[in-house]
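Listing of protein_2.txt; format and content: compact mmCIF, C-alpha atoms.
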# COMPACT_ATOMS: atom_id res chain seq x y z
CA MET A 238 83.57 59.83 -8.18
CA SER A 239 81.79 56.58 -8.97
CA VAL A 240 83.81 53.43 -9.46
CA SER A 241 82.45 50.46 -11.36
CA ALA A 242 84.00 47.02 -11.41
CA SER A 243 85.81 46.52 -14.70
CA ASP A 244 87.53 43.16 -14.42
CA GLY A 245 86.53 40.46 -16.98
CA GLU A 246 84.94 37.98 -14.62
CA ASP A 247 83.24 40.78 -12.78
CA ASP A 248 81.82 41.98 -16.10
CA GLN A 249 80.09 38.65 -16.56
CA ARG A 250 78.54 38.81 -13.14
CA ILE A 251 77.52 42.42 -13.63
CA LEU A 252 75.82 41.48 -16.86
CA THR A 253 73.70 38.90 -15.03
CA ILE A 254 72.77 41.58 -12.52
CA LYS A 255 71.90 44.27 -15.03
CA GLU A 256 69.64 41.94 -17.03
CA LYS A 257 67.62 41.13 -13.98
CA ILE A 258 66.70 44.65 -12.98
CA ARG A 259 63.25 45.45 -14.27
CA VAL A 260 62.17 48.96 -15.24
CA VAL A 261 58.55 49.73 -14.45
CA LEU A 262 57.15 52.83 -16.12
CA ASP A 263 54.97 55.36 -14.38
CA PHE A 264 55.48 53.92 -10.92
CA PRO A 265 54.80 55.20 -8.28
CA LYS A 266 53.73 58.21 -10.35
CA PRO A 267 53.48 59.10 -14.05
CA GLY A 268 56.82 60.03 -15.54
CA ILE A 269 58.89 57.91 -13.17
CA MET A 270 60.96 54.99 -14.48
CA PHE A 271 61.14 52.73 -11.45
CA GLN A 272 64.24 50.54 -11.10
CA ASP A 273 62.77 47.34 -9.70
CA ILE A 274 65.28 45.07 -7.97
CA THR A 275 62.74 42.45 -6.90
CA THR A 276 63.35 40.58 -10.16
CA LEU A 277 67.06 40.47 -9.29
CA LEU A 278 66.18 38.79 -6.00
CA LEU A 279 64.17 36.13 -7.84
CA ASP A 280 67.37 34.87 -9.45
CA PRO A 281 69.55 33.23 -6.78
CA VAL A 282 72.65 33.36 -8.99
CA ALA A 283 72.28 37.05 -9.81
CA PHE A 284 71.47 37.93 -6.20
CA LYS A 285 74.50 35.98 -4.99
CA ASN A 286 76.69 37.69 -7.61
CA THR A 287 75.55 41.07 -6.29
CA ILE A 288 76.45 40.25 -2.73
CA ASP A 289 79.71 38.56 -3.72
CA LEU A 290 80.88 41.58 -5.71
CA PHE A 291 80.48 43.79 -2.65
CA VAL A 292 81.86 41.24 -0.18
CA GLU A 293 85.00 40.58 -2.21
CA ARG A 294 85.70 44.27 -2.31
CA TYR A 295 85.13 45.02 1.38
CA LYS A 296 85.96 41.93 3.36
CA ASP A 297 89.56 42.89 4.04
CA ARG A 298 88.98 46.55 4.73
CA ASN A 299 88.39 46.27 8.44
CA ILE A 300 84.80 47.39 8.27
CA ALA A 301 82.87 47.03 11.52
CA VAL A 302 79.53 48.50 10.47
CA VAL A 303 77.29 48.08 7.45
CA ALA A 304 74.51 50.68 7.48
CA GLY A 305 71.46 50.39 5.24
CA PRO A 306 69.22 53.35 4.70
CA VAL A 307 65.58 52.76 4.24
CA PHE A 308 64.07 55.72 2.62
CA LEU A 309 61.61 57.17 0.19
CA CYS A 310 63.30 59.49 -2.22
CA ILE A 311 61.85 61.21 -5.24
CA SER A 312 64.68 62.80 -7.14
CA LEU A 313 64.82 65.79 -9.44
CA LEU A 314 63.09 65.81 -12.76
CA ILE A 315 65.81 65.85 -15.38
CA SER A 316 65.24 65.32 -19.09
CA ASN A 317 61.75 64.05 -18.39
CA SER A 318 62.97 61.00 -16.53
CA VAL A 319 62.64 60.75 -12.80
CA SER A 320 63.88 57.99 -10.54
CA ALA A 321 62.21 57.03 -7.33
CA ARG A 322 62.79 54.53 -4.63
CA ILE A 323 60.52 53.08 -1.99
CA GLU A 324 61.76 52.37 1.48
CA ALA A 325 62.91 49.08 2.93
CA ARG A 326 64.99 47.91 -0.03
CA GLY A 327 68.17 49.05 1.70
CA PHE A 328 67.54 46.25 4.18
CA ILE A 329 67.92 43.58 1.59
CA PHE A 330 71.56 43.95 0.56
CA GLY A 331 73.04 45.23 3.80
CA PRO A 332 72.52 42.22 6.09
CA PRO A 333 73.99 39.58 3.76
CA ILE A 334 77.06 41.76 3.19
CA ALA A 335 77.42 42.41 6.92
CA LEU A 336 77.19 38.72 7.73
CA ALA A 337 79.75 37.80 5.11
CA ILE A 338 82.34 40.38 6.15
CA GLY A 339 81.85 39.94 9.91
CA ALA A 340 80.31 43.37 10.49
CA LYS A 341 77.21 44.45 12.33
CA PHE A 342 74.19 45.67 10.40
CA VAL A 343 72.58 49.00 11.35
CA PRO A 344 69.24 49.93 9.79
CA LEU A 345 68.63 53.61 9.10
CA ARG A 346 64.91 54.28 8.99
CA LYS A 347 62.14 56.78 8.54
CA PRO A 348 60.98 58.50 11.73
CA LYS A 349 59.20 56.54 14.46
CA LYS A 350 60.09 53.10 13.11
CA LEU A 351 63.13 52.50 15.31
CA PRO A 352 62.45 51.96 19.01
CA GLY A 353 64.52 53.52 21.77
CA GLU A 354 66.64 56.63 21.58
CA VAL A 355 67.54 57.80 18.08
CA ILE A 356 69.40 60.58 16.30
CA SER A 357 67.72 62.17 13.27
CA GLU A 358 69.02 63.73 10.10
CA GLU A 359 66.69 65.81 8.03
CA TYR A 360 67.37 66.66 4.47
CA VAL A 361 65.77 68.73 1.79
CA LEU A 362 64.12 67.26 -1.30
CA GLU A 363 63.10 69.21 -4.35
CA TYR A 364 59.63 69.46 -2.84
CA GLY A 365 59.66 69.27 0.94
CA SER A 366 62.03 67.33 3.13
CA ASP A 367 62.48 63.93 4.70
CA CYS A 368 64.25 62.42 7.64
CA LEU A 369 66.47 59.43 8.43
CA GLU A 370 67.06 58.03 11.93
CA MET A 371 69.63 55.79 13.60
CA GLN A 372 69.57 54.27 17.06
CA VAL A 373 71.85 55.82 19.67
CA GLY A 374 74.59 53.37 20.53
CA ALA A 375 74.34 51.45 17.28
CA VAL A 376 77.80 52.57 16.22
CA GLU A 377 80.82 53.47 18.28
CA GLN A 378 83.51 56.08 17.96
CA ARG A 379 85.97 55.41 15.16
CA GLU A 380 84.22 52.33 13.84
CA ARG A 381 84.73 51.98 10.10
CA ALA A 382 81.44 51.97 8.22
CA LEU A 383 80.12 50.99 4.81
CA VAL A 384 76.79 52.45 3.65
CA VAL A 385 74.83 50.15 1.34
CA ASP A 386 71.69 50.92 -0.63
CA ASP A 387 70.04 49.49 -3.71
CA LEU A 388 70.02 52.74 -5.71
CA VAL A 389 71.64 56.17 -5.66
CA ALA A 390 69.90 59.00 -7.46
CA THR A 391 70.49 62.52 -6.12
CA GLY A 392 72.59 61.16 -3.28
CA GLY A 393 70.41 62.79 -0.65
CA THR A 394 69.73 59.58 1.24
CA LEU A 395 73.36 58.51 1.22
CA CYS A 396 74.41 61.97 2.35
CA ALA A 397 71.98 61.80 5.26
CA ALA A 398 73.28 58.33 6.12
CA VAL A 399 76.90 59.54 6.06
CA ASN A 400 75.97 62.44 8.32
CA LEU A 401 74.26 60.20 10.86
CA LEU A 402 77.22 57.83 11.05
CA GLU A 403 79.74 60.65 11.36
CA ARG A 404 77.70 62.37 14.05
CA ALA A 405 77.91 59.13 16.03
CA GLY A 406 81.69 59.19 15.60
CA ALA A 407 82.03 56.48 12.97
CA GLU A 408 84.31 56.79 9.97
CA VAL A 409 82.45 56.24 6.71
CA VAL A 410 84.88 54.45 4.43
CA VAL A 411 82.72 54.06 1.32
CA CYS A 412 79.17 54.08 -0.02
CA ALA A 413 78.05 51.19 -2.20
CA CYS A 414 74.94 50.80 -4.34
CA VAL A 415 73.69 48.29 -6.85
CA ILE A 416 72.33 50.94 -9.24
CA GLU A 417 73.25 54.53 -10.01
CA VAL A 418 71.27 57.10 -11.96
CA PRO A 419 74.34 58.82 -13.39
CA ASP A 420 72.64 61.98 -14.71
CA LEU A 421 71.71 62.93 -11.18
CA LYS A 422 75.36 63.00 -10.08
CA GLY A 423 74.65 61.58 -6.64
CA HIS A 424 78.35 60.95 -6.06
CA GLU A 425 78.87 64.70 -5.77
CA ARG A 426 76.77 64.86 -2.63
CA LEU A 427 78.75 62.40 -0.56
CA LYS A 428 81.16 64.81 1.09
CA GLY A 429 84.08 63.30 -0.77
CA LYS A 430 83.30 59.71 0.21
CA PRO A 431 83.93 57.21 -2.57
CA LEU A 432 80.88 55.66 -4.23
CA HIS A 433 81.05 52.14 -5.60
CA ILE A 434 78.26 51.04 -7.93
CA LEU A 435 77.62 47.90 -9.94
CA VAL A 436 75.34 49.06 -12.75
CA GLU A 437 73.84 52.21 -14.17
CA ALA A 438 70.08 52.68 -14.36
CA HIS A 439 68.38 51.56 -17.56
CA MET B 194 56.06 24.77 18.61
CA PHE B 195 59.00 26.28 20.38
CA ALA B 196 62.67 25.64 20.26
CA ALA B 197 62.72 22.72 22.69
CA GLU B 198 60.07 20.83 20.81
CA ASN B 199 62.06 21.19 17.63
CA GLY B 200 65.34 19.70 18.71
CA LEU B 201 67.08 22.93 19.61
CA LYS B 202 67.00 22.41 23.36
CA GLY B 203 70.41 23.05 24.81
CA ASP B 204 71.79 24.54 21.61
CA PRO B 205 74.33 27.02 23.00
CA ARG B 206 73.72 29.46 20.17
CA LEU B 207 70.26 30.26 21.46
CA GLN B 208 71.80 31.94 24.50
CA ALA B 209 73.60 34.57 22.44
CA ILE B 210 70.50 35.12 20.37
CA SER B 211 68.20 35.60 23.32
CA GLU B 212 70.58 37.91 25.14
CA SER B 213 70.94 40.18 22.16
CA ILE B 214 67.24 40.89 21.72
CA ARG B 215 66.31 44.10 23.49
CA VAL B 216 62.85 44.72 24.92
CA ILE B 217 61.50 48.24 24.80
CA PRO B 218 58.42 49.04 26.86
CA ASP B 219 55.66 51.25 25.52
CA PHE B 220 56.76 51.19 21.90
CA PRO B 221 55.11 51.96 19.53
CA LYS B 222 52.24 52.47 21.98
CA PRO B 223 51.83 52.38 25.77
CA GLY B 224 51.40 48.86 27.10
CA ILE B 225 53.30 47.17 24.30
CA LEU B 226 56.62 45.45 25.02
CA PHE B 227 58.49 45.78 21.77
CA GLN B 228 60.91 42.99 20.85
CA ASP B 229 63.76 44.88 19.23
CA ILE B 230 65.83 42.72 16.92
CA THR B 231 68.08 45.58 15.81
CA THR B 232 70.35 44.77 18.75
CA LEU B 233 70.51 41.22 17.45
CA MET B 234 71.86 42.52 14.14
CA LEU B 235 74.44 44.65 15.97
CA ASN B 236 75.86 41.42 17.35
CA HIS B 237 77.44 39.72 14.37
CA GLU B 238 77.82 36.38 16.12
CA ALA B 239 74.21 36.26 17.29
CA PHE B 240 72.91 37.35 13.91
CA LYS B 241 75.00 34.69 12.21
CA HIS B 242 73.76 32.04 14.66
CA THR B 243 70.15 32.99 13.91
CA VAL B 244 70.65 32.63 10.19
CA ASP B 245 72.70 29.44 10.60
CA ILE B 246 70.01 27.74 12.69
CA PHE B 247 67.40 28.40 10.03
CA VAL B 248 69.74 27.46 7.17
CA GLU B 249 70.59 24.14 8.83
CA ARG B 250 66.93 23.33 9.11
CA TYR B 251 65.85 24.39 5.63
CA ARG B 252 68.76 23.63 3.31
CA ASP B 253 67.62 20.06 2.64
CA MET B 254 63.91 20.71 2.54
CA ASP B 255 63.83 21.40 -1.19
CA ILE B 256 62.79 25.00 -0.72
CA SER B 257 63.02 27.22 -3.78
CA VAL B 258 61.32 30.34 -2.40
CA VAL B 259 61.98 32.34 0.74
CA ALA B 260 59.25 34.96 1.22
CA GLY B 261 59.97 37.77 3.69
CA VAL B 262 57.30 39.85 5.35
CA GLU B 263 57.93 43.59 5.29
CA ALA B 264 60.05 45.05 6.75
CA ARG B 265 62.00 43.06 9.34
CA GLY B 266 61.45 39.85 7.41
CA PHE B 267 63.64 41.49 4.76
CA MET B 268 66.60 41.44 7.12
CA PHE B 269 66.51 37.72 7.89
CA GLY B 270 65.08 36.33 4.69
CA PRO B 271 67.79 37.28 2.15
CA PRO B 272 70.73 35.72 4.03
CA ILE B 273 68.74 32.50 4.42
CA ALA B 274 67.69 32.53 0.75
CA LEU B 275 71.27 33.10 -0.38
CA ALA B 276 72.60 30.27 1.77
CA ILE B 277 70.05 27.69 0.62
CA GLY B 278 70.05 28.79 -3.04
CA ALA B 279 66.44 29.95 -3.07
CA LYS B 280 64.94 33.08 -4.53
CA PHE B 281 63.83 35.86 -2.24
CA VAL B 282 60.31 37.23 -2.59
CA LEU B 283 59.07 40.39 -0.90
CA LEU B 284 55.65 40.46 0.75
CA ARG B 285 54.81 44.12 1.11
CA LYS B 286 52.28 46.65 2.31
CA PRO B 287 50.03 48.04 -0.42
CA ARG B 288 51.37 50.15 -3.27
CA LYS B 289 55.03 49.49 -2.59
CA LEU B 290 55.52 46.82 -5.25
CA PRO B 291 55.53 48.06 -8.84
CA GLY B 292 53.76 46.11 -11.56
CA GLU B 293 51.02 43.54 -11.17
CA VAL B 294 50.35 42.18 -7.69
CA ILE B 295 47.97 39.96 -5.79
CA SER B 296 46.65 41.21 -2.42
CA GLU B 297 45.48 39.56 0.75
CA SER B 298 43.72 41.42 3.57
CA TYR B 299 44.06 40.43 7.16
CA GLU B 300 42.67 41.55 10.48
CA LEU B 301 44.46 43.61 13.05
CA GLU B 302 43.30 44.11 16.58
CA TYR B 303 41.66 47.30 15.33
CA GLY B 304 40.91 47.38 11.61
CA THR B 305 42.52 45.54 8.73
CA ASP B 306 45.75 45.60 6.77
CA CYS B 307 46.90 44.14 3.52
CA LEU B 308 49.89 42.23 2.14
CA GLU B 309 50.89 42.06 -1.54
CA MET B 310 53.08 39.87 -3.72
CA HIS B 311 54.19 40.22 -7.32
CA VAL B 312 52.34 38.16 -9.92
CA GLY B 313 54.85 35.72 -11.34
CA ALA B 314 57.21 35.83 -8.36
CA VAL B 315 56.46 32.20 -7.53
CA GLN B 316 55.54 29.33 -9.80
CA PRO B 317 52.94 26.64 -9.11
CA GLY B 318 54.48 23.71 -7.30
CA GLU B 319 57.35 25.63 -5.72
CA ARG B 320 58.05 24.99 -2.04
CA ALA B 321 58.19 28.11 0.08
CA LEU B 322 59.46 29.24 3.44
CA ILE B 323 57.95 32.38 5.00
CA ILE B 324 60.11 34.53 7.27
CA ASP B 325 59.24 37.26 9.72
CA ASP B 326 61.01 38.51 12.83
CA LEU B 327 58.09 37.93 15.18
CA VAL B 328 54.76 36.12 15.35
CA ALA B 329 52.02 37.34 17.66
CA THR B 330 48.45 36.67 16.54
CA GLY B 331 49.59 34.97 13.37
CA GLY B 332 47.40 37.22 11.21
CA THR B 333 50.23 38.48 9.01
CA LEU B 334 51.60 34.98 8.50
CA PHE B 335 48.15 33.71 7.62
CA ALA B 336 47.89 36.37 4.91
CA ALA B 337 51.38 35.47 3.69
CA ILE B 338 50.49 31.77 3.48
CA SER B 339 47.34 32.65 1.54
CA LEU B 340 49.27 34.70 -1.00
CA LEU B 341 51.75 31.92 -1.67
CA GLU B 342 49.06 29.27 -1.92
CA ARG B 343 47.01 31.41 -4.31
CA ALA B 344 50.06 31.55 -6.56
CA GLY B 345 50.22 27.76 -6.46
CA ALA B 346 53.16 27.37 -4.13
CA GLU B 347 53.29 24.98 -1.20
CA VAL B 348 54.28 26.58 2.10
CA ALA B 349 56.63 24.18 3.83
CA GLU B 350 56.95 26.18 7.03
CA CYS B 351 56.83 29.62 8.62
CA ALA B 352 59.88 30.66 10.60
CA CYS B 353 60.19 33.51 13.07
CA VAL B 354 62.94 34.53 15.45
CA ILE B 355 60.51 35.38 18.24
CA GLY B 356 57.15 33.98 19.23
CA LEU B 357 54.82 35.51 21.76
CA PRO B 358 53.42 32.57 23.67
CA LYS B 359 50.42 34.28 25.20
CA VAL B 360 48.74 34.35 21.84
CA LYS B 361 49.66 30.81 20.90
CA THR B 362 46.10 29.63 20.63
CA LYS B 363 45.19 32.50 18.32
CA GLN B 364 48.15 31.59 16.12
CA GLU B 365 46.93 28.05 15.89
CA ARG B 366 43.40 29.20 15.14
CA ALA B 367 44.64 31.56 12.47
CA LEU B 368 46.50 28.78 10.74
CA ARG B 369 44.07 25.91 11.07
CA PRO B 370 42.06 26.56 7.90
CA CYS B 371 45.20 26.22 5.80
CA ARG B 372 46.29 22.96 4.33
CA ALA B 373 48.31 20.40 6.20
CA THR B 374 52.01 20.62 7.20
CA ARG B 375 51.65 24.16 8.45
CA LYS B 376 53.98 24.63 11.38
CA LEU B 377 55.43 27.55 13.21
CA LYS B 378 59.02 27.33 14.25
CA THR B 379 60.50 29.81 16.66
CA ALA B 380 63.96 29.93 18.13
CA VAL B 381 63.21 31.58 21.46
CA GLU B 382 60.47 32.10 23.99
CA ILE B 383 59.45 35.16 25.91
CA TRP B 384 59.12 35.10 29.68
CA LEU B 385 57.77 37.95 31.69
CA VAL B 386 59.15 38.88 35.10
CA SER B 387 57.70 41.39 37.51
CA LEU B 388 60.23 44.06 38.40
CA LYS B 389 58.44 44.64 41.70
CA ASP B 390 58.85 41.02 42.67
CA THR B 391 61.31 39.12 40.54
CA SER B 392 60.14 35.75 41.81
CA LYS B 393 56.88 36.33 39.96
CA MET B 394 57.12 35.05 36.44
CA SER B 395 54.75 34.01 33.74
CA LYS B 396 54.49 33.59 30.03
CA LEU B 397 51.13 35.32 30.07
CA LEU B 398 50.85 39.08 30.15
CA LEU B 399 47.39 38.57 31.62
CA ASP B 400 48.93 37.30 34.85
CA PHE B 401 50.23 40.77 35.72
CA ASP B 402 48.60 44.00 36.85
CA TYR B 403 48.24 46.39 34.00
CA GLU B 404 50.44 49.05 35.62
CA GLU B 405 53.06 46.73 37.03
CA PRO B 406 56.54 47.23 35.61
CA ILE B 407 57.39 44.11 33.68
CA LEU B 408 60.60 42.89 32.22
CA ALA B 409 60.23 40.68 29.20
CA LEU B 410 63.10 38.25 28.97
CA VAL B 411 63.94 36.14 26.06
CA VAL B 412 64.55 32.79 27.61
CA LEU B 413 65.67 29.63 26.02
CA THR B 414 63.72 26.53 26.64
CA GLY B 415 65.74 24.29 28.93
CA PHE B 416 67.93 27.06 30.34
CA ASP B 417 67.64 28.59 33.79
CA LEU B 418 65.97 31.92 33.88
CA LEU B 419 68.39 34.83 33.51
CA LEU B 420 67.70 38.00 35.45

Show me, as structure tokens, the structure contained in the file I just sent.
Amino acid sequence: MSVSASDGEDDQRILTIKEKIRVVLDFPKPGIMFQDITTLLLDPVAFKNTIDLFVERYKDRNIAVVAGPVFLCISLLISNSVSARIEARGFIFGPPIALAIGAKFVPLRKPKKLPGEVISEEYVLEYGSDCLEMQVGAVEQRERALVVDDLVATGGTLCAAVNLLERAGAEVVVCACVIEVPDLKGHERLKGKPLHILVEAH
Amino acid sequence: MFAAENGLKGDPRLQAISESIRVIPDFPKPGILFQDITTLMLNHEAFKHTVDIFVERYRDMDISVVAGVEARGFMFGPPIALAIGAKFVLLRKPRKLPGEVISESYELEYGTDCLEMHVGAVQPGERALIIDDLVATGGTLFAAISLLERAGAEVAECACVIGLPKVKTKQERALRPCRATRKLKTAVEIWLVSLKDTSKMSKLLLDFDYEEPILALVVLTGFDLLL
């Protein structure tokens, strides 16, 4: 189930975040309403609010690992609106959160981007499949992990990320995203892991 | 150009940083010694030191824009931007940024590549800092500088965690046509040691046989060599 922040002061900060997310139509393909977070990053106050909201929530939960997937995901066509995400935006929120809560940051990437020995998790998209990799040795047995991404749509990426971390013996405590596309019910694909989001897609 | 020349000589934090960078031979292609900064990010203390060193330098330089080069520049840039109160701008490979962009091509060893930035991301007169994890030929940074200058910003400095000294002169050549106050700042240096004969060391890859096993060490200026 998705949990949004609902406290008064948090509401104010969430408002600043929501206003800054730009929707770009027909990108990268016709019919897709792209949730662009680059405009959020152009506002230092809104960007800081985003990080702070996550940090406040997780800093006392004994989390040793923040993992950020980096992934291209085209989600299902529902009601003529499709969400898509382009890789490398998971890198942007993860490191600042990791630094602030004293955790390590582990990038999860498309094949052949990470050097050294890796483990891979493939997953099926509506058309075709894709793959996420993590370096061997990045996480240790029983380390508590937080998965952070900018957007959750179908939940496929997050599910692959959870699988990779669990295969390496880590315990995934929670998944956290800035934006959720609620119609796509991504939270149902997280193997029971809680999903924390800040805003819903425009 | 390197750490010693920029007042970081003897800074104890550089030790942790250098030790946490892993070198992977033959990645992504044979003959390349890949400087892997993911191990740096697995070490919270070293990662924090890296960001702190840059923040200390840039917080009072009136910088309103931190521009990160895809993709590893996205890991270092945002924490620095957040700490100094600047916005973070993504410089990306083609067709990744939605909406209107400006593009700058640059040369690779074989062929060309291209970097893009959103129109409107920076305003004329803003002071910018460019971040990437590593500088080799300087080609990517040159393209990044061009993009920011075309948008009317002033690039105060480029900052990278790692610099590859053997291509230093190419870096300087790449940057010379730009306007004044262009400087590269790196926190660490790379030394190469022959694994066949560990007394043989150089900063230049050219000083070794092509097939010789080589260990690339990240060494701090002013420290003794660590084997």

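Interatomic distance, CA of Thr232 (chain B) against CA of Ala375 (chain A): 7.9 Å.
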
TODO: Specify as a PyMOL selection string all residues of chain B found within 9 Å of chain A, counting all atoms listed in the file.
DONE: chain B and resi 217+220-221+227+229+231-232+234-238+240-241+258+263-265+267-275+278-283+288-292+311+314-315

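CA of Val262 (chain B) lies 28.7 Å from CA of Glu293 (chain A).
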
Open item on the list: Between CA of His433 (chain A) and CA of Cys412 (chain A), what is the distance in Å, rounded to a tenth?
Closed with: 6.2 Å

Task: Polymer residues at most 9 Å from Tyr251 (chain B), only C-alpha atoms, same-chain spacing of 5 or more positions, as an MDAnalysis selection string - done: chainID B and resid 246 256 273 277 322

Open item on the list: Can you pull out the residues contacting Ala321 (chain B)? Cut-off 7 Å, using only C-alpha atoms, and skip same-chain residues under 5 positions away; I want them as a list in words.
Closed with: Ile256, Ser257, Val258, Val259, Ala346, Glu347, Val348 and Ala349 of chain B

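Nearest-residue note for Ile416 (chain A): choosing from A:Ile356, A:Leu383, A:Ile258, A:Val292, the minimum distance belongs to A:Ile258, counting only C-alpha atoms.
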
TODO: May I have the residues within 8 Å of Pro419 (chain A) as a ChimeraX atom specification, using all atoms listed in the file and disregarding those fewer than 6 positions away in the same chain?
DONE: /A:390,437-438

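Among B:Gly266, B:Lys286, B:Arg215, B:Glu319, the residue with the shortest atom-to-atom distance to Asp306 (chain B), counting all atoms listed in the file, is B:Lys286.
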
- [ ] Using all atoms listed in the file, determine which residues lie at most 10 Å from Pro287 (chain B), disregarding the query and same-chain residues fewer than 4 positions distant; provide the list as an NGL selection string.
- [x] :B and (294-298 or 306-310)

Can I get the selection written as a PDB file, in the coordinates of the input, with C-alpha atoms?
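Contents of the output file result-v7.pdb:
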ATOM      1  CA  VAL B 294      50.350  42.180  -7.690  1.00  0.00           C
ATOM      2  CA  ILE B 295      47.970  39.960  -5.790  1.00  0.00           C
ATOM      3  CA  SER B 296      46.650  41.210  -2.420  1.00  0.00           C
ATOM      4  CA  GLU B 297      45.480  39.560   0.750  1.00  0.00           C
ATOM      5  CA  SER B 298      43.720  41.420   3.570  1.00  0.00           C
ATOM      6  CA  ASP B 306      45.750  45.600   6.770  1.00  0.00           C
ATOM      7  CA  CYS B 307      46.900  44.140   3.520  1.00  0.00           C
ATOM      8  CA  LEU B 308      49.890  42.230   2.140  1.00  0.00           C
ATOM      9  CA  GLU B 309      50.890  42.060  -1.540  1.00  0.00           C
ATOM     10  CA  MET B 310      53.080  39.870  -3.720  1.00  0.00           C
TER      11      MET B 310
END

- [ ] Find the residues near Leu345 (chain A): any atom within 6 Å, counting only C-alpha atoms, skip ones fewer than 5 places away on the same chain, and give them as an NGL selection string.
- [x] :A and (305-307 or 370-371)

TODO: Take the point (72.5, 65.0, -0.4) as written in the file and pick out every residue within 9 Å of it, counting only C-alpha atoms; give the list as number ranges by chain.
DONE: A: 360-362, 391-397, 423, 425-428
